[in-house]
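Asker: Structure file run_16.cif (mmCIF, C-alpha atoms) right here:
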```
data_query
loop_
_atom_site.group_PDB
_atom_site.id
_atom_site.type_symbol
_atom_site.label_atom_id
_atom_site.label_comp_id
_atom_site.auth_asym_id
_atom_site.auth_seq_id
_atom_site.Cartn_x
_atom_site.Cartn_y
_atom_site.Cartn_z
ATOM 1 C CA MET M 28 89.665 48.709 16.018
ATOM 2 C CA SER M 29 92.498 47.198 18.087
ATOM 3 C CA GLY M 30 96.250 47.201 17.585
ATOM 4 C CA GLU M 31 98.117 43.977 16.888
ATOM 5 C CA TRP M 32 101.816 43.380 16.363
ATOM 6 C CA LEU M 33 103.655 41.200 13.875
ATOM 7 C CA LEU M 34 107.203 40.151 13.128
ATOM 8 C CA ARG M 35 107.893 40.210 9.383
ATOM 9 C CA LEU M 36 110.840 38.401 7.834
ATOM 10 C CA ASP M 37 113.368 40.770 6.296
ATOM 11 C CA SER M 38 112.749 41.239 2.571
ATOM 12 C CA SER M 39 116.256 39.970 1.754
ATOM 13 C CA LEU M 40 115.370 36.506 3.136
ATOM 14 C CA SER M 41 113.118 33.782 1.757
ATOM 15 C CA PRO M 42 110.616 32.037 4.044
ATOM 16 C CA ARG M 43 110.789 28.306 4.745
ATOM 17 C CA PRO M 44 108.985 25.973 7.197
ATOM 18 C CA THR M 45 111.456 26.817 9.999
ATOM 19 C CA ARG M 46 111.667 30.511 9.066
ATOM 20 C CA PRO M 47 108.113 31.806 8.535
ATOM 21 C CA ALA M 48 107.456 34.985 6.586
ATOM 22 C CA THR M 49 105.304 36.392 9.384
ATOM 23 C CA ILE M 50 105.177 35.670 13.105
ATOM 24 C CA GLY M 51 102.083 36.716 15.040
ATOM 25 C CA PRO M 52 99.865 38.547 15.470
ATOM 26 C CA ILE M 53 100.718 39.298 19.087
ATOM 27 C CA ALA M 54 97.604 40.472 20.890
ATOM 28 C CA GLY M 55 97.151 42.073 24.296
ATOM 29 C CA GLY M 56 97.592 39.747 27.267
ATOM 30 C CA ARG M 57 99.156 37.020 25.160
ATOM 31 C CA SER M 58 102.710 35.758 25.000
ATOM 32 C CA LEU M 59 104.473 34.340 21.953
ATOM 33 C CA VAL M 60 107.329 31.878 22.450
ATOM 34 C CA VAL M 61 109.937 31.440 19.708
ATOM 35 C CA GLY M 62 112.478 28.609 19.588
ATOM 36 C CA ARG M 63 113.364 25.315 17.988
ATOM 37 C CA ASP M 64 111.422 22.988 20.334
ATOM 38 C CA PRO M 65 107.872 22.581 18.972
ATOM 39 C CA SER M 66 106.633 21.158 22.292
ATOM 40 C CA ARG M 67 107.337 24.472 24.054
ATOM 41 C CA CYS M 68 107.094 27.108 21.368
ATOM 42 C CA ASP M 69 104.354 28.760 19.362
ATOM 43 C CA VAL M 70 106.683 29.462 16.445
ATOM 44 C CA VAL M 71 109.541 27.174 15.433
ATOM 45 C CA LEU M 72 112.785 28.619 14.082
ATOM 46 C CA ASP M 73 115.693 26.343 13.246
ATOM 47 C CA SER M 74 118.910 26.474 11.271
ATOM 48 C CA ALA M 75 120.368 23.622 9.240
ATOM 49 C CA ALA M 76 123.548 25.592 8.532
ATOM 50 C CA PHE M 77 124.225 26.360 12.209
ATOM 51 C CA PRO M 78 122.928 23.552 14.472
ATOM 52 C CA GLY M 79 122.083 24.861 17.915
ATOM 53 C CA LEU M 80 121.971 28.486 16.774
ATOM 54 C CA ILE M 81 118.363 28.776 17.961
ATOM 55 C CA SER M 82 117.752 27.619 21.540
ATOM 56 C CA ARG M 83 114.907 25.276 22.373
ATOM 57 C CA GLN M 84 113.061 28.181 23.981
ATOM 58 C CA HIS M 85 114.866 31.169 22.505
ATOM 59 C CA ALA M 86 112.730 34.190 23.417
ATOM 60 C CA THR M 87 109.272 35.254 24.548
ATOM 61 C CA ILE M 88 107.392 38.312 23.302
ATOM 62 C CA VAL M 89 104.541 39.720 25.378
ATOM 63 C CA LEU M 90 102.220 42.579 24.498
ATOM 64 C CA GLU M 91 101.891 44.823 27.546
ATOM 65 C CA GLU M 92 99.948 48.060 27.920
ATOM 66 C CA SER M 93 103.005 50.070 26.870
ATOM 67 C CA GLY M 94 103.631 47.858 23.825
ATOM 68 C CA PRO M 95 105.479 44.612 23.022
ATOM 69 C CA VAL M 96 108.435 43.537 25.155
ATOM 70 C CA LEU M 97 110.961 40.771 24.550
ATOM 71 C CA ARG M 98 112.527 38.382 27.069
ATOM 72 C CA ASP M 99 115.676 36.579 25.906
ATOM 73 C CA SER M 100 116.173 33.051 27.274
ATOM 74 C CA SER M 101 118.704 31.877 24.671
ATOM 75 C CA LEU M 102 122.375 31.004 24.496
ATOM 76 C CA ASN M 103 123.146 32.823 21.226
ATOM 77 C CA GLY M 104 121.113 35.920 21.989
ATOM 78 C CA VAL M 105 118.665 38.225 20.270
ATOM 79 C CA GLY M 106 119.799 41.404 18.568
ATOM 80 C CA VAL M 107 117.478 44.405 18.916
ATOM 81 C CA ASP M 108 118.202 47.423 16.723
ATOM 82 C CA GLY M 109 121.905 46.647 16.547
ATOM 83 C CA GLY M 110 122.352 45.836 20.247
ATOM 84 C CA ARG M 111 122.160 42.560 22.146
ATOM 85 C CA THR M 112 119.637 41.682 24.803
ATOM 86 C CA ALA M 113 120.629 40.499 28.256
ATOM 87 C CA ARG M 114 119.559 36.949 29.009
ATOM 88 C CA GLY M 115 117.155 36.356 31.900
ATOM 89 C CA GLU M 116 113.488 36.516 32.856
ATOM 90 C CA ALA M 117 113.929 39.930 34.479
ATOM 91 C CA GLN M 118 115.311 41.472 31.299
ATOM 92 C CA HIS M 119 112.323 42.818 29.381
ATOM 93 C CA VAL M 120 113.368 44.775 26.301
ATOM 94 C CA PRO M 121 110.718 47.152 24.891
ATOM 95 C CA LEU M 122 110.068 46.895 21.150
ATOM 96 C CA ARG M 123 108.644 49.530 18.817
ATOM 97 C CA ASP M 124 107.152 49.683 15.369
ATOM 98 C CA GLY M 125 110.096 49.223 12.993
ATOM 99 C CA SER M 126 112.458 47.515 15.475
ATOM 100 C CA THR M 127 114.832 44.976 13.932
ATOM 101 C CA LEU M 128 115.221 41.608 15.680
ATOM 102 C CA VAL M 129 117.970 39.085 14.915
ATOM 103 C CA PHE M 130 117.475 35.689 16.557
ATOM 104 C CA GLY M 131 120.779 33.895 17.245
ATOM 105 C CA VAL M 132 122.837 37.037 16.672
ATOM 106 C CA ARG M 133 125.967 35.587 18.284
ATOM 107 C CA GLY M 134 126.147 32.847 15.669
ATOM 108 C CA SER M 135 124.615 34.467 12.579
ATOM 109 C CA ALA M 136 123.644 38.090 12.052
ATOM 110 C CA THR M 137 121.756 37.368 8.843
ATOM 111 C CA GLU M 138 119.696 34.155 8.997
ATOM 112 C CA PHE M 139 116.771 35.169 11.230
ATOM 113 C CA VAL M 140 116.148 38.886 10.740
ATOM 114 C CA TYR M 141 112.638 40.170 11.496
ATOM 115 C CA ARG M 142 111.020 43.628 11.559
ATOM 116 C CA VAL M 143 108.455 44.551 14.187
ATOM 117 C CA ALA M 144 105.274 46.008 12.710
ATOM 118 C CA GLN M 145 102.037 47.262 14.214
ATOM 119 C CA ARG M 146 98.765 46.916 12.365
ATOM 120 C CA GLN M 147 95.199 47.966 13.049
ATOM 121 C CA THR M 148 92.648 45.183 12.725
ATOM 122 C CA GLU M 149 89.052 44.534 13.648
ATOM 123 C CA THR M 150 88.842 42.443 16.803
ATOM 124 C CA ASN M 151 87.807 38.972 15.661
ATOM 125 C CA PRO M 152 88.280 36.010 18.035
ATOM 126 C CA GLN M 153 87.457 33.601 15.196
ATOM 127 C CA ALA M 154 90.369 34.721 12.991
ATOM 128 C CA THR M 155 92.020 32.042 10.920
ATOM 129 C CA ALA M 156 95.506 30.880 11.795
ATOM 130 C CA ILE M 157 97.219 30.013 8.529
ATOM 131 C CA ALA M 158 97.584 31.831 5.247
ATOM 132 C CA PRO M 159 97.643 29.899 1.944
ATOM 133 C CA GLU M 160 100.922 28.324 0.918
ATOM 134 C CA GLY M 161 103.187 30.757 -0.893
ATOM 135 C CA SER M 162 101.806 33.787 0.929
ATOM 136 C CA GLU M 163 102.813 35.128 4.342
ATOM 137 C CA GLU M 164 102.467 32.398 6.959
ATOM 138 C CA ILE M 165 100.597 33.916 9.898
ATOM 139 C CA HIS M 166 100.251 32.337 13.329
ATOM 140 C CA THR M 167 97.101 33.691 14.989
ATOM 141 C CA LEU M 168 97.208 33.244 18.755
ATOM 142 C CA ASP M 169 93.436 33.631 19.166
ATOM 143 C CA THR M 170 92.927 30.267 17.468
ATOM 144 C CA LEU M 171 95.582 28.403 19.426
ATOM 145 C CA GLY M 172 93.924 28.251 22.836
ATOM 146 C CA GLY M 173 95.995 28.058 26.008
ATOM 147 C CA SER M 174 96.011 30.132 29.166
ATOM 148 C CA ASP M 175 97.236 33.679 29.672
ATOM 149 C CA ASP M 176 99.011 32.615 32.854
ATOM 150 C CA ASP M 177 100.785 29.575 31.419
ATOM 151 C CA ASP M 178 103.974 29.168 33.453
ATOM 152 C CA ASN M 179 106.292 28.727 30.499
ATOM 153 C CA GLY M 180 104.602 31.295 28.257
ATOM 154 C CA CYS M 181 103.597 28.741 25.597
ATOM 155 C CA ILE M 182 100.227 28.850 23.912
ATOM 156 C CA GLY M 183 99.080 25.650 22.307
ATOM 157 C CA PRO M 184 98.519 23.775 20.317
ATOM 158 C CA ALA M 185 101.104 25.550 18.156
ATOM 159 C CA VAL M 186 100.517 25.502 14.417
ATOM 160 C CA ALA M 187 103.283 24.505 12.042
ATOM 161 C CA SER M 188 104.531 27.342 9.878
ATOM 162 C CA ASP M 189 103.993 25.270 6.738
ATOM 163 C CA GLY M 190 100.276 24.928 7.460
ATOM 164 C CA GLY M 191 100.526 21.330 8.676
ATOM 165 C CA ALA M 192 99.199 19.681 11.796
ATOM 166 C CA PRO M 193 99.583 21.258 15.230
ATOM 167 C CA LEU M 194 103.117 20.939 16.484
ATOM 168 C CA ALA M 195 102.316 20.012 20.074
ATOM 169 C CA SER M 196 100.116 20.921 23.001
ATOM 170 C CA ALA M 197 101.432 23.376 25.559
ATOM 171 C CA ALA M 198 99.153 21.997 28.256
ATOM 172 C CA ALA M 199 101.990 19.976 29.804
ATOM 173 C CA PRO M 200 103.486 21.476 32.977
ATOM 174 C CA ALA M 201 106.591 23.595 32.639
ATOM 175 C CA ALA M 202 109.862 21.702 32.858
ATOM 176 C CA ALA M 203 111.872 21.973 36.076
ATOM 177 C CA PRO M 204 114.815 24.392 35.981
ATOM 178 C CA GLU M 205 117.332 21.543 36.166
ATOM 179 C CA GLU M 206 115.685 19.776 33.222
ATOM 180 C CA LEU M 207 115.863 22.992 31.226
ATOM 181 C CA MET M 208 119.553 23.300 32.082
ATOM 182 C CA VAL M 209 120.208 19.754 30.880
ATOM 183 C CA GLU M 210 118.613 20.593 27.540
ATOM 184 C CA GLU M 211 120.367 23.949 27.194
ATOM 185 C CA LEU M 212 123.754 22.387 28.030
ATOM 186 C CA GLN M 213 123.582 19.917 25.190
ATOM 187 C CA CYS M 214 126.393 19.582 22.678
ATOM 188 C CA CYS M 215 125.043 20.570 19.257
ATOM 189 C CA ILE M 216 127.170 17.876 17.603
ATOM 190 C CA CYS M 217 125.866 14.831 19.489
ATOM 191 C CA ALA M 218 122.676 16.441 20.918
ATOM 192 C CA GLU M 219 123.477 15.026 24.372
ATOM 193 C CA LEU M 220 124.455 16.580 27.699
ATOM 194 C CA LEU M 221 127.977 17.972 27.464
ATOM 195 C CA VAL M 222 130.669 15.566 28.625
ATOM 196 C CA ARG M 223 134.142 16.881 29.418
ATOM 197 C CA PRO M 224 133.138 20.236 27.887
ATOM 198 C CA CYS M 225 135.745 22.368 26.175
ATOM 199 C CA GLN M 226 135.563 25.814 24.614
ATOM 200 C CA LEU M 227 136.815 27.237 21.340
ATOM 201 C CA ARG M 228 138.231 30.719 20.869
ATOM 202 C CA CYS M 229 134.787 31.881 19.657
ATOM 203 C CA SER M 230 133.358 30.882 23.095
ATOM 204 C CA HIS M 231 131.196 28.005 21.822
ATOM 205 C CA SER M 232 131.415 24.822 23.908
ATOM 206 C CA PHE M 233 131.222 21.165 22.891
ATOM 207 C CA CYS M 234 131.981 17.703 24.251
ATOM 208 C CA SER M 235 135.729 17.089 24.028
ATOM 209 C CA PRO M 236 135.334 13.826 22.051
ATOM 210 C CA CYS M 237 132.868 15.497 19.672
ATOM 211 C CA ILE M 238 134.950 18.553 18.843
ATOM 212 C CA TYR M 239 138.159 16.550 18.400
ATOM 213 C CA ASP M 240 136.326 14.279 15.969
ATOM 214 C CA TRP M 241 134.876 17.348 14.209
ATOM 215 C CA GLU M 242 138.317 18.925 13.851
ATOM 216 C CA ARG M 243 139.437 15.959 11.749
ATOM 217 C CA ARG M 244 136.753 16.863 9.205
ATOM 218 C CA SER M 245 136.581 20.643 9.398
ATOM 219 C CA ARG M 246 138.692 23.530 10.696
ATOM 220 C CA THR M 247 135.765 25.810 11.514
ATOM 221 C CA CYS M 248 133.413 26.078 14.496
ATOM 222 C CA VAL M 249 130.236 24.032 14.080
ATOM 223 C CA ILE M 250 128.029 26.970 15.088
ATOM 224 C CA CYS M 251 129.588 30.227 13.901
ATOM 225 C CA ARG M 252 132.075 28.885 11.300
ATOM 226 C CA GLU M 253 134.965 30.854 12.790
ATOM 227 C CA GLU M 254 138.282 29.308 11.792
ATOM 228 C CA LEU M 255 139.760 27.092 14.507
ATOM 229 C CA GLU M 256 143.112 28.036 15.986
ATOM 230 C CA GLU M 257 145.994 25.600 16.159
ATOM 231 C CA ALA M 258 145.907 25.427 19.958
ATOM 232 C CA PRO M 259 143.597 22.692 21.290
ATOM 233 C CA PRO M 260 140.196 23.625 22.741
ATOM 234 C CA GLN M 261 140.344 24.633 26.392
ATOM 235 C CA PRO M 262 138.570 22.563 29.085
ATOM 236 C CA VAL M 263 135.824 24.417 30.937
ATOM 237 C CA ARG M 264 136.010 23.208 34.540
ATOM 238 C CA LEU M 265 132.988 25.181 35.690
ATOM 239 C CA LEU M 266 130.799 23.606 33.012
ATOM 240 C CA ASP M 267 132.326 20.196 33.684
ATOM 241 C CA GLY M 268 131.346 20.360 37.347
ATOM 242 C CA LEU M 269 127.873 21.590 36.482
ATOM 243 C CA THR M 270 127.193 18.864 33.920
ATOM 244 C CA GLN M 271 128.390 16.199 36.347
ATOM 245 C CA LYS M 272 125.929 17.430 38.971
ATOM 246 C CA LEU M 273 123.121 17.587 36.418
ATOM 247 C CA ALA M 274 123.906 14.078 35.199
ATOM 248 C CA ALA M 275 123.740 12.759 38.771
ATOM 249 C CA ARG M 276 120.426 14.495 39.501
ATOM 250 C CA CYS M 277 118.541 14.378 36.217
ATOM 251 C CA LEU M 278 119.649 11.314 34.243
ATOM 252 C CA SER M 279 118.364 7.814 34.808
ATOM 253 C CA ALA M 280 120.875 5.144 35.825
ATOM 254 C CA GLU M 281 121.002 3.873 32.235
ATOM 255 C CA GLU M 282 121.382 7.380 30.781
ATOM 256 C CA LYS M 283 124.094 8.256 33.301
ATOM 257 C CA GLU M 284 126.033 5.084 32.466
ATOM 258 C CA GLU M 285 125.843 5.908 28.766
ATOM 259 C CA TRP M 286 126.870 9.540 29.481
ATOM 260 C CA GLU M 287 129.898 8.411 31.493
ATOM 261 C CA GLY M 288 130.824 5.957 28.743
ATOM 262 C CA ARG M 289 131.090 8.806 26.235
ATOM 263 C CA ALA M 290 133.821 10.420 28.337
#
```
Here is the file; what I need is its structure written in the form of structure tokens.

Answerer:
Amino acid sequence: MSGEWLLRLDSSLSPRPTRPATIGPIAGGRSLVVGRDPSRCDVVLDSAAFPGLISRQHATIVLEESGPVLRDSSLNGVGVDGGRTARGEAQHVPLRDGSTLVFGVRGSATEFVYRVAQRQTETNPQATAIAPEGSEEIHTLDTLGGSDDDDNGCIGPAVASDGGAPLASAAAPAAAPEELMVEELQCCICAELLVRPCQLRCSHSFCSPCIYDWERRSRTCVICREELEEAPPQPVRLLDGLTQKLAARCLSAEEKEEWEGRA
């Protein structure tokens, strides 16, 4: 017998293709990457109600000798037993049987709630990966292949939570840090690198043209739905300087011209 770990969707929530009923199992020596980018993640979570709530590579869970640990790499955070994790590769948060995880806790405390559970199973490297439709959707890492020392923690090919074709292979090399920053600093309205970024009272940032256009249609934040104040969004000079440097280094000449044209 060997211990395996699962994440089970809270009983108050209904599963869907981008919110599976069960995530795992997580076996020793393996890592499980959760996020909205199927090319990097083993399990895809995504929110239609709150675009950008789940980061492209939101969090990684690894089973170590002492038990499962979580590394948060997201913008909107992961809640663990009522607290919030600290973002960064060095921040490994230990999990226990019964721990409650909330992915995207800064934007929604109710949409992605999972319970950590340990189960005892017979070791079987030929275990199947997908449960029948309508039952718990289980992602079995043993069937996905991949290397234990994969730089970005992804194990591929990832299997879609609805039982469809593999999402993507994780054999591609890990993206450079600057490329990851470009993708993380995207406006969730236009899905492009932030241009002239500004910040709302709730601390969420958007392109200035995008949020001003949004305000004509809605008086709530795109991500967390907090009501917008009357004062205009505040420019974020630090982010503005960073996005300009990233645009110069990472965008092609055509992409940079288009990016500058949006300003």

Asker: Could you check the closest approach to Cys225 in chain M for each of M:Glu91, M:Asp267, M:Glu284, M:Glu211 and tell me which residue wins, using only C-alpha atoms?

Answerer: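 Of all the options, M:Asp267 lies closest to Cys225 in chain M.
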
Asker: Taking (119.9, 25.0, 14.1) in the file's coordinates as the center, which residues reach within 12 Å of it, counting only C-alpha atoms, put as a VMD selection string?

Answerer: chain M and resid 45 to 46 62 to 64 71 to 83 85 103 130 to 131 134 to 135 138 to 139 215 to 216 218 249 to 251

Asker: Mind writing the picked residues with C-alpha atoms as an mmCIF file, keeping the file's coordinate frame?

Answerer:
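Below is the file that was written, part-v5.cif:
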```
data_model
loop_
_atom_site.group_PDB
_atom_site.id
_atom_site.type_symbol
_atom_site.label_atom_id
_atom_site.label_comp_id
_atom_site.auth_asym_id
_atom_site.auth_seq_id
_atom_site.Cartn_x
_atom_site.Cartn_y
_atom_site.Cartn_z
ATOM 1 C CA THR M 45 111.456 26.817 9.999
ATOM 2 C CA ARG M 46 111.667 30.511 9.066
ATOM 3 C CA GLY M 62 112.478 28.609 19.588
ATOM 4 C CA ARG M 63 113.364 25.315 17.988
ATOM 5 C CA ASP M 64 111.422 22.988 20.334
ATOM 6 C CA VAL M 71 109.541 27.174 15.433
ATOM 7 C CA LEU M 72 112.785 28.619 14.082
ATOM 8 C CA ASP M 73 115.693 26.343 13.246
ATOM 9 C CA SER M 74 118.910 26.474 11.271
ATOM 10 C CA ALA M 75 120.368 23.622 9.240
ATOM 11 C CA ALA M 76 123.548 25.592 8.532
ATOM 12 C CA PHE M 77 124.225 26.360 12.209
ATOM 13 C CA PRO M 78 122.928 23.552 14.472
ATOM 14 C CA GLY M 79 122.083 24.861 17.915
ATOM 15 C CA LEU M 80 121.971 28.486 16.774
ATOM 16 C CA ILE M 81 118.363 28.776 17.961
ATOM 17 C CA SER M 82 117.752 27.619 21.540
ATOM 18 C CA ARG M 83 114.907 25.276 22.373
ATOM 19 C CA HIS M 85 114.866 31.169 22.505
ATOM 20 C CA ASN M 103 123.146 32.823 21.226
ATOM 21 C CA PHE M 130 117.475 35.689 16.557
ATOM 22 C CA GLY M 131 120.779 33.895 17.245
ATOM 23 C CA GLY M 134 126.147 32.847 15.669
ATOM 24 C CA SER M 135 124.615 34.467 12.579
ATOM 25 C CA GLU M 138 119.696 34.155 8.997
ATOM 26 C CA PHE M 139 116.771 35.169 11.230
ATOM 27 C CA CYS M 215 125.043 20.570 19.257
ATOM 28 C CA ILE M 216 127.170 17.876 17.603
ATOM 29 C CA ALA M 218 122.676 16.441 20.918
ATOM 30 C CA VAL M 249 130.236 24.032 14.080
ATOM 31 C CA ILE M 250 128.029 26.970 15.088
ATOM 32 C CA CYS M 251 129.588 30.227 13.901
#
```

Asker: Which residues are close to Pro262 in chain M, i.e. within 12 Å by all atoms listed in the file, leaving aside same-chain residues fewer than 5 positions away? Reply as a list in words.

Answerer: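 Answer for this query is Leu221, Val222, Arg223, Pro224, Cys225, Gln226, Leu227, Arg228, Ser230, His231, Ser232, Phe233, Cys234, Ser235, Pro236, Ile238, Asp267 and Gly268 of chain M.
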
Asker: Go through M:Val89, M:Leu34, M:Ile50, M:Leu40 and flag the residue nearest Ser126 in chain M, using only C-alpha atoms for the distances.

Answerer: M:Leu34

Asker: Interatomic distance between CA of Val96 in chain M and CA of Thr137 in chain M?

Answerer: 21.9 Å

Asker: Where's the centre, and what are the edge lengths in Å to one decimal, of a box along x, y and z enclosing all listed atoms of range 79-88 of chain M padded 3 Å per side, as AutoDock Vina command-line options?

Answerer:
```
--center_x 114.7 --center_y 31.6 --center_z 20.7 --size_x 20.7 --size_y 19.5 --size_z 13.8
```

Asker: Between CA of Leu97 in chain M and CA of Gly30 in chain M, what is the spacing in Å?

Answerer: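 About the pair CA of Gly30 in chain M and CA of Leu97 in chain M: they are 17.5 Å apart.
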
Asker: May I ask for the distance between CA of Asp108 in chain M and CA of Thr87 in chain M, given in Å to one decimal place?

Answerer: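 Going from CA of Asp108 in chain M over to CA of Thr87 in chain M, I get 17.0 Å.
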
Asker: Using all atoms listed in the file for the distances, tell me which of M:Gln213, M:Ser279, M:Gln261, M:Ser245 is nearest to Cys229 in chain M.

Answerer: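 Under the stated criterion, the closest residue is M:Gln261.
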
Asker: If you count only C-alpha atoms, which residues fall within 12 Å of Lys272 in chain M, apart from same-chain ones fewer than 5 positions away, as a list in words?

Answerer: Glu205, Glu206, Met208, Val209, Leu220, Leu221, Val222, Leu265, Leu266, Asp267, Cys277, Leu278 and Lys283 of chain M

Asker: Using only C-alpha atoms, please write the residues we just selected to a file, as a compact mmCIF listing (two decimals), in the coordinates of the input.

Answerer:
```txt
# COMPACT_ATOMS: atom_id res chain seq x y z
CA GLU M 205 117.33 21.54 36.17
CA GLU M 206 115.68 19.78 33.22
CA MET M 208 119.55 23.30 32.08
CA VAL M 209 120.21 19.75 30.88
CA LEU M 220 124.46 16.58 27.70
CA LEU M 221 127.98 17.97 27.46
CA VAL M 222 130.67 15.57 28.62
CA LEU M 265 132.99 25.18 35.69
CA LEU M 266 130.80 23.61 33.01
CA ASP M 267 132.33 20.20 33.68
CA CYS M 277 118.54 14.38 36.22
CA LEU M 278 119.65 11.31 34.24
CA LYS M 283 124.09 8.26 33.30
```

Asker: So that I can check the surroundings of Cys237 in chain M, please list as a ChimeraX atom specification every protein, DNA and RNA residue that reaches within 9 Å of it, counting only C-alpha atoms and ignoring chain neighbours fewer than 5 positions away.

Answerer: /M:214,216-217,242

Asker: What residues have an atom no more than 8 Å from (112.1, 44.6, 31.4) in the file's own frame, counting all atoms listed in the file, and can you write them as a count of residues only?

Answerer: 8

Asker: Applied to the shown file, which residues does the PyMOL selection byres ((chain M and resi 31) around 9) return, written as a ChimeraX atom specification?

Answerer: /M:29-30,32-33,51-55,90,144-148

Asker: When you count all atoms listed in the file, which of these residues is closest to Asp69 in chain M: M:Trp286, M:Glu253, M:Pro47, M:Asp99?

Answerer: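 Answer, going by the shortest atom-to-atom distance: M:Pro47.
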
Asker: Could you model all heavy atoms for range 236-242 of chain M and present them as a PDB file, in the coordinates of the input?

Answerer:
```pdb
ATOM      1  N   PRO M 236     135.241  14.827  23.129  1.00  0.00           N
ATOM      2  CA  PRO M 236     135.334  13.826  22.051  1.00  0.00           C
ATOM      3  C   PRO M 236     134.689  14.308  20.754  1.00  0.00           C
ATOM      4  O   PRO M 236     135.198  14.040  19.666  1.00  0.00           O
ATOM      5  CB  PRO M 236     134.584  12.616  22.623  1.00  0.00           C
ATOM      6  CG  PRO M 236     134.592  12.810  24.104  1.00  0.00           C
ATOM      7  CD  PRO M 236     134.529  14.291  24.316  1.00  0.00           C
ATOM      8  N   CYS M 237     133.577  15.045  20.877  1.00  0.00           N
ATOM      9  CA  CYS M 237     132.868  15.497  19.672  1.00  0.00           C
ATOM     10  C   CYS M 237     133.681  16.509  18.884  1.00  0.00           C
ATOM     11  O   CYS M 237     133.788  16.421  17.656  1.00  0.00           O
ATOM     12  CB  CYS M 237     131.523  16.111  20.057  1.00  0.00           C
ATOM     13  SG  CYS M 237     130.317  14.937  20.692  1.00  0.00           S
ATOM     14  N   ILE M 238     134.257  17.497  19.575  1.00  0.00           N
ATOM     15  CA  ILE M 238     134.950  18.553  18.843  1.00  0.00           C
ATOM     16  C   ILE M 238     136.264  18.045  18.267  1.00  0.00           C
ATOM     17  O   ILE M 238     136.692  18.466  17.190  1.00  0.00           O
ATOM     18  CB  ILE M 238     135.167  19.800  19.734  1.00  0.00           C
ATOM     19  CG1 ILE M 238     135.561  21.003  18.870  1.00  0.00           C
ATOM     20  CG2 ILE M 238     136.185  19.528  20.813  1.00  0.00           C
ATOM     21  CD1 ILE M 238     134.552  21.390  17.822  1.00  0.00           C
ATOM     22  N   TYR M 239     136.922  17.109  18.959  1.00  0.00           N
ATOM     23  CA  TYR M 239     138.159  16.550  18.400  1.00  0.00           C
ATOM     24  C   TYR M 239     137.852  15.731  17.148  1.00  0.00           C
ATOM     25  O   TYR M 239     138.624  15.738  16.179  1.00  0.00           O
ATOM     26  CB  TYR M 239     138.886  15.714  19.448  1.00  0.00           C
ATOM     27  CG  TYR M 239     139.662  16.549  20.439  1.00  0.00           C
ATOM     28  CD1 TYR M 239     139.326  16.558  21.785  1.00  0.00           C
ATOM     29  CD2 TYR M 239     140.728  17.351  20.025  1.00  0.00           C
ATOM     30  CE1 TYR M 239     140.018  17.339  22.697  1.00  0.00           C
ATOM     31  CE2 TYR M 239     141.427  18.139  20.926  1.00  0.00           C
ATOM     32  CZ  TYR M 239     141.064  18.129  22.261  1.00  0.00           C
ATOM     33  OH  TYR M 239     141.760  18.908  23.151  1.00  0.00           O
ATOM     34  N   ASP M 240     136.728  15.014  17.164  1.00  0.00           N
ATOM     35  CA  ASP M 240     136.326  14.279  15.969  1.00  0.00           C
ATOM     36  C   ASP M 240     135.955  15.248  14.850  1.00  0.00           C
ATOM     37  O   ASP M 240     136.285  15.027  13.676  1.00  0.00           O
ATOM     38  CB  ASP M 240     135.138  13.370  16.302  1.00  0.00           C
ATOM     39  CG  ASP M 240     134.659  12.575  15.099  1.00  0.00           C
ATOM     40  OD1 ASP M 240     135.438  11.750  14.591  1.00  0.00           O
ATOM     41  OD2 ASP M 240     133.515  12.810  14.658  1.00  0.00           O
ATOM     42  N   TRP M 241     135.270  16.344  15.207  1.00  0.00           N
ATOM     43  CA  TRP M 241     134.876  17.348  14.209  1.00  0.00           C
ATOM     44  C   TRP M 241     136.104  17.985  13.567  1.00  0.00           C
ATOM     45  O   TRP M 241     136.118  18.245  12.364  1.00  0.00           O
ATOM     46  CB  TRP M 241     133.998  18.399  14.874  1.00  0.00           C
ATOM     47  CG  TRP M 241     133.664  19.570  13.991  1.00  0.00           C
ATOM     48  CD1 TRP M 241     134.321  20.764  13.924  1.00  0.00           C
ATOM     49  CD2 TRP M 241     132.617  19.645  13.021  1.00  0.00           C
ATOM     50  NE1 TRP M 241     133.747  21.586  12.990  1.00  0.00           N
ATOM     51  CE2 TRP M 241     132.695  20.924  12.423  1.00  0.00           C
ATOM     52  CE3 TRP M 241     131.615  18.755  12.623  1.00  0.00           C
ATOM     53  CZ2 TRP M 241     131.807  21.333  11.438  1.00  0.00           C
ATOM     54  CZ3 TRP M 241     130.727  19.177  11.643  1.00  0.00           C
ATOM     55  CH2 TRP M 241     130.832  20.441  11.063  1.00  0.00           C
ATOM     56  N   GLU M 242     137.120  18.256  14.362  1.00  0.00           N
ATOM     57  CA  GLU M 242     138.317  18.925  13.851  1.00  0.00           C
ATOM     58  C   GLU M 242     139.024  18.105  12.767  1.00  0.00           C
ATOM     59  O   GLU M 242     139.727  18.672  11.922  1.00  0.00           O
ATOM     60  CB  GLU M 242     139.303  19.199  14.991  1.00  0.00           C
ATOM     61  CG  GLU M 242     138.911  20.364  15.872  1.00  0.00           C
ATOM     62  CD  GLU M 242     139.944  20.639  16.938  1.00  0.00           C
ATOM     63  OE1 GLU M 242     140.531  19.669  17.462  1.00  0.00           O
ATOM     64  OE2 GLU M 242     140.173  21.811  17.253  1.00  0.00           O
TER      65      GLU M 242
END
```
